[in-house]
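Okay, so here's the structure we're looking at.
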Amino acid sequence: MTIQFGFIDQGDGANLRTLPAEMKGSTCLTPAPLPPGTRVSVIRDHAQAPGWSYVSTVVGGYLLQGYLQTLRITTQLPEPAATLYQVRPGERLEPIAARIYRQAIQPGRDLRFYENVIHHVNVKSGRKGVQRID
């Protein structure tokens with residue numbers, strides 16, 4: 001068994017459930033869907049319900065475990081400490097990079113370096129939210 005780290009990667013979030021939705025007695029564990037970018041640990045797939053993964057996540061300071069639709073999770077992270085941020089229409093890369101990498105900016109590694117890193121990782125993974133505009 002290999003635990004994988006990932007994020008909820010759907011704009012409308014994901015419902016954490018006691019059982020896969022198709023199974024009798026399944027209920028939501030939270031009053032609202034977990035938001036995009038929520039970090040999860042994928043523990044295993046459900047043997048009888050393809051497309052569902054058993055996960056753990058922290059919500060409001062509590063560790064919760066339950067089932068999420070696998071298609072709502074990405075585990076393709078560029079590195080284990082990565083974060084997932086949902087880019088809004090019209091948002092620019094410079095303020096995003098400044099917020100994330102403020103502490104690391106130094107001579108030879110200015111903000112443009114980190115903007116290029118974010119752009120490269122997103123292009124490599126096929127994400128369309130970060131675009132270079134000339």
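Chain labels follow the order of the structure tokens: the first chain is A, the next B, and so on; residue numbering restarts at 1 in every chain, and ligands are counted from 1 in their shown order.
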
Once DSSP has gone over the backbone, tell me which residues of chain A are in alpha helix (DSSP H), as a list in words.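 The residues of chain A classed as alpha helix (DSSP H) are Leu93, Glu94, Pro95, Ile96, Ala97, Ala98, Arg99, Ile100, Tyr101, Leu111, Arg112, Phe113, Tyr114, Glu115, Asn116, Val117, Ile118, His119, His120, Val121, Asn122, Val123 and Lys124 of chain A.
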
Quick one: everything within 9 Å of region 35-37 of chain A, counting only C-alpha atoms, minus sequence neighbours fewer than 2 positions away in the same chain. Send it as a compact mmCIF listing (two decimals) with C-alpha atoms, in the first residue's frame.
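Saved result, part.txt, follows:
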# COMPACT_ATOMS: atom_id res chain seq x y z
CA GLY A 6 -2.76 15.18 -3.64
CA PHE A 7 -5.30 17.97 -3.88
CA ILE A 8 -8.92 18.42 -4.77
CA ASP A 9 -8.65 19.61 -8.35
CA GLN A 10 -12.21 20.55 -9.37
CA GLY A 11 -13.63 24.05 -9.43
CA ASP A 12 -16.74 23.02 -7.51
CA GLY A 13 -14.79 21.08 -4.87
CA ALA A 14 -15.61 17.56 -3.69
CA ALA A 32 -20.34 21.78 2.10
CA PRO A 33 -17.95 20.34 -0.49
CA ARG A 39 -4.73 18.75 0.50
CA THR A 83 0.41 23.66 -3.33
CA LEU A 84 -2.51 23.92 -5.71
CA TYR A 85 -3.94 27.36 -6.38
CA GLN A 86 -6.95 27.94 -8.59

Find the residue from A:Ala97, A:Val42, A:Ile73, A:Val58 that sits nearest to Thr30 (chain A); use only C-alpha atoms when measuring.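 Closest to Thr30 (chain A), using only C-alpha atoms: A:Val58.
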
Closest to Leu71 (chain A) among A:Pro89, A:Pro50, A:Arg109, A:Val59, using only C-alpha atoms?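 Smallest separation from Leu71 (chain A) among the options: A:Pro50.
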
7 Å contact set for Gly66 (chain A), only C-alpha atoms, chain neighbours under 5 positions out, as a list in words: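 Contacts, with the query itself left out: Leu16, Arg17, Thr18, Leu19, Tyr54, Val55 and Ser56 of chain A.
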
Applying 8 Å and only C-alpha atoms, which residues near Tyr101 (chain A) remain after dropping the ones on its own chain fewer than 4 positions away? List them as a compact mmCIF listing (two decimals) with N, CA and C atoms, in the first residue's frame.
# COMPACT_ATOMS: atom_id res chain seq x y z
N ALA A 97 3.24 34.69 -7.63
CA ALA A 97 4.62 34.32 -7.30
C ALA A 97 5.13 35.11 -6.10
N ILE A 105 13.05 35.45 -2.35
CA ILE A 105 13.56 36.37 -3.37
C ILE A 105 14.88 36.98 -2.89
N LEU A 111 12.03 37.79 -8.58
CA LEU A 111 10.65 37.34 -8.79
C LEU A 111 10.45 36.69 -10.16
N TYR A 114 10.98 32.91 -10.12
CA TYR A 114 9.87 32.13 -9.55
C TYR A 114 8.64 32.14 -10.46

Using only C-alpha atoms, the shortest atom-to-atom distance to Ser26 (chain A) among A:Tyr67, A:Phe113, A:Phe5, A:Val123 belongs to A:Tyr67

So which one's closest to Ser41 (chain A), A:Gly60, A:Pro20, A:Pro80, A:Pro95? Using only C-alpha atoms, please.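 The answer is A:Pro80, which sits nearest to Ser41 (chain A).
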
So that I can see what lies close to Glu94 (chain A), please list as number ranges by chain the residues with an atom at most 10 Å from it, counting only C-alpha atoms and leaving out residues fewer than 4 positions away in the same chain. A: 98-99, 111-112, 114-116

Using the selection just defined, write its residues with C-alpha atoms as a compact mmCIF listing (two decimals), in the first residue's frame.
# COMPACT_ATOMS: atom_id res chain seq x y z
CA ALA A 98 5.27 37.24 -4.91
CA ARG A 99 2.80 35.87 -2.37
CA LEU A 111 10.65 37.34 -8.79
CA ARG A 112 11.01 36.58 -12.53
CA TYR A 114 9.87 32.13 -9.55
CA GLU A 115 7.33 33.27 -12.15
CA ASN A 116 9.16 31.13 -14.72

Taking only C-alpha atoms into account, name the residue in A:Ile100, A:Gln106, A:Ile3, A:His119 that is nearest to Asp45 (chain A).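 Under the stated criterion, the closest residue is A:Ile3.
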
Just the residues within 12 Å of Gly90 (chain A), please, counting only C-alpha atoms, with nothing from its chain fewer than 2 positions along; format it as a list in words.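 After dropping sequence-adjacent residues, the list is Val87, Arg88, Arg92, Leu93, Pro95, Gly129, Val130, Gln131 and Ile133 of chain A.
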
Would you mind exporting N, CA and C atoms of the selected residues as a PDB file, in the first residue's frame?
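The resulting out_19.pdb:
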ATOM      1  N   VAL A  87      -6.340  29.548 -10.305  1.00  0.00           N
ATOM      2  CA  VAL A  87      -6.174  30.869 -10.906  1.00  0.00           C
ATOM      3  C   VAL A  87      -7.533  31.391 -11.348  1.00  0.00           C
ATOM      4  N   ARG A  88      -7.804  32.633 -10.989  1.00  0.00           N
ATOM      5  CA  ARG A  88      -9.065  33.261 -11.382  1.00  0.00           C
ATOM      6  C   ARG A  88      -8.865  34.022 -12.695  1.00  0.00           C
ATOM      7  N   ARG A  92      -2.879  37.758 -12.544  1.00  0.00           N
ATOM      8  CA  ARG A  92      -1.534  37.781 -13.106  1.00  0.00           C
ATOM      9  C   ARG A  92      -0.595  36.921 -12.276  1.00  0.00           C
ATOM     10  N   LEU A  93       0.430  36.396 -12.938  1.00  0.00           N
ATOM     11  CA  LEU A  93       1.382  35.500 -12.295  1.00  0.00           C
ATOM     12  C   LEU A  93       2.274  36.215 -11.285  1.00  0.00           C
ATOM     13  N   PRO A  95       1.822  38.674  -8.967  1.00  0.00           N
ATOM     14  CA  PRO A  95       1.354  38.711  -7.574  1.00  0.00           C
ATOM     15  C   PRO A  95       1.248  37.323  -6.931  1.00  0.00           C
ATOM     16  N   GLY A 129      -4.377  27.277 -16.825  1.00  0.00           N
ATOM     17  CA  GLY A 129      -4.652  28.469 -16.020  1.00  0.00           C
ATOM     18  C   GLY A 129      -3.551  29.495 -16.049  1.00  0.00           C
ATOM     19  N   VAL A 130      -2.304  29.058 -16.204  1.00  0.00           N
ATOM     20  CA  VAL A 130      -1.169  29.976 -16.234  1.00  0.00           C
ATOM     21  C   VAL A 130      -0.701  30.081 -17.675  1.00  0.00           C
ATOM     22  N   GLN A 131      -0.774  31.298 -18.218  1.00  0.00           N
ATOM     23  CA  GLN A 131      -0.401  31.508 -19.615  1.00  0.00           C
ATOM     24  C   GLN A 131       0.570  32.672 -19.727  1.00  0.00           C
ATOM     25  N   ILE A 133       1.583  35.863 -21.672  1.00  0.00           N
ATOM     26  CA  ILE A 133       0.966  36.836 -22.573  1.00  0.00           C
ATOM     27  C   ILE A 133       2.052  37.798 -23.019  1.00  0.00           C
TER      28      ILE A 133
END

Please return, as a PyMOL selection string, all residues of chain A that DSSP assigns to strand (DSSP E) on the basis of the backbone. chain A and resi 4-8+39-45+52-59+62-69+73-74

Have a look at CA of Pro78 (chain A) and CA of Arg44 (chain A) and let me know their distance in Å, one decimal.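 If I compute the distance from CA of Pro78 (chain A) to CA of Arg44 (chain A), I get 21.0 Å.
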
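Each of A:Met23, A:Leu64, A:Leu29, A:Leu34 was checked against Trp52 (chain A) using only C-alpha atoms; the smallest atom-to-atom distance is that of A:Met23.
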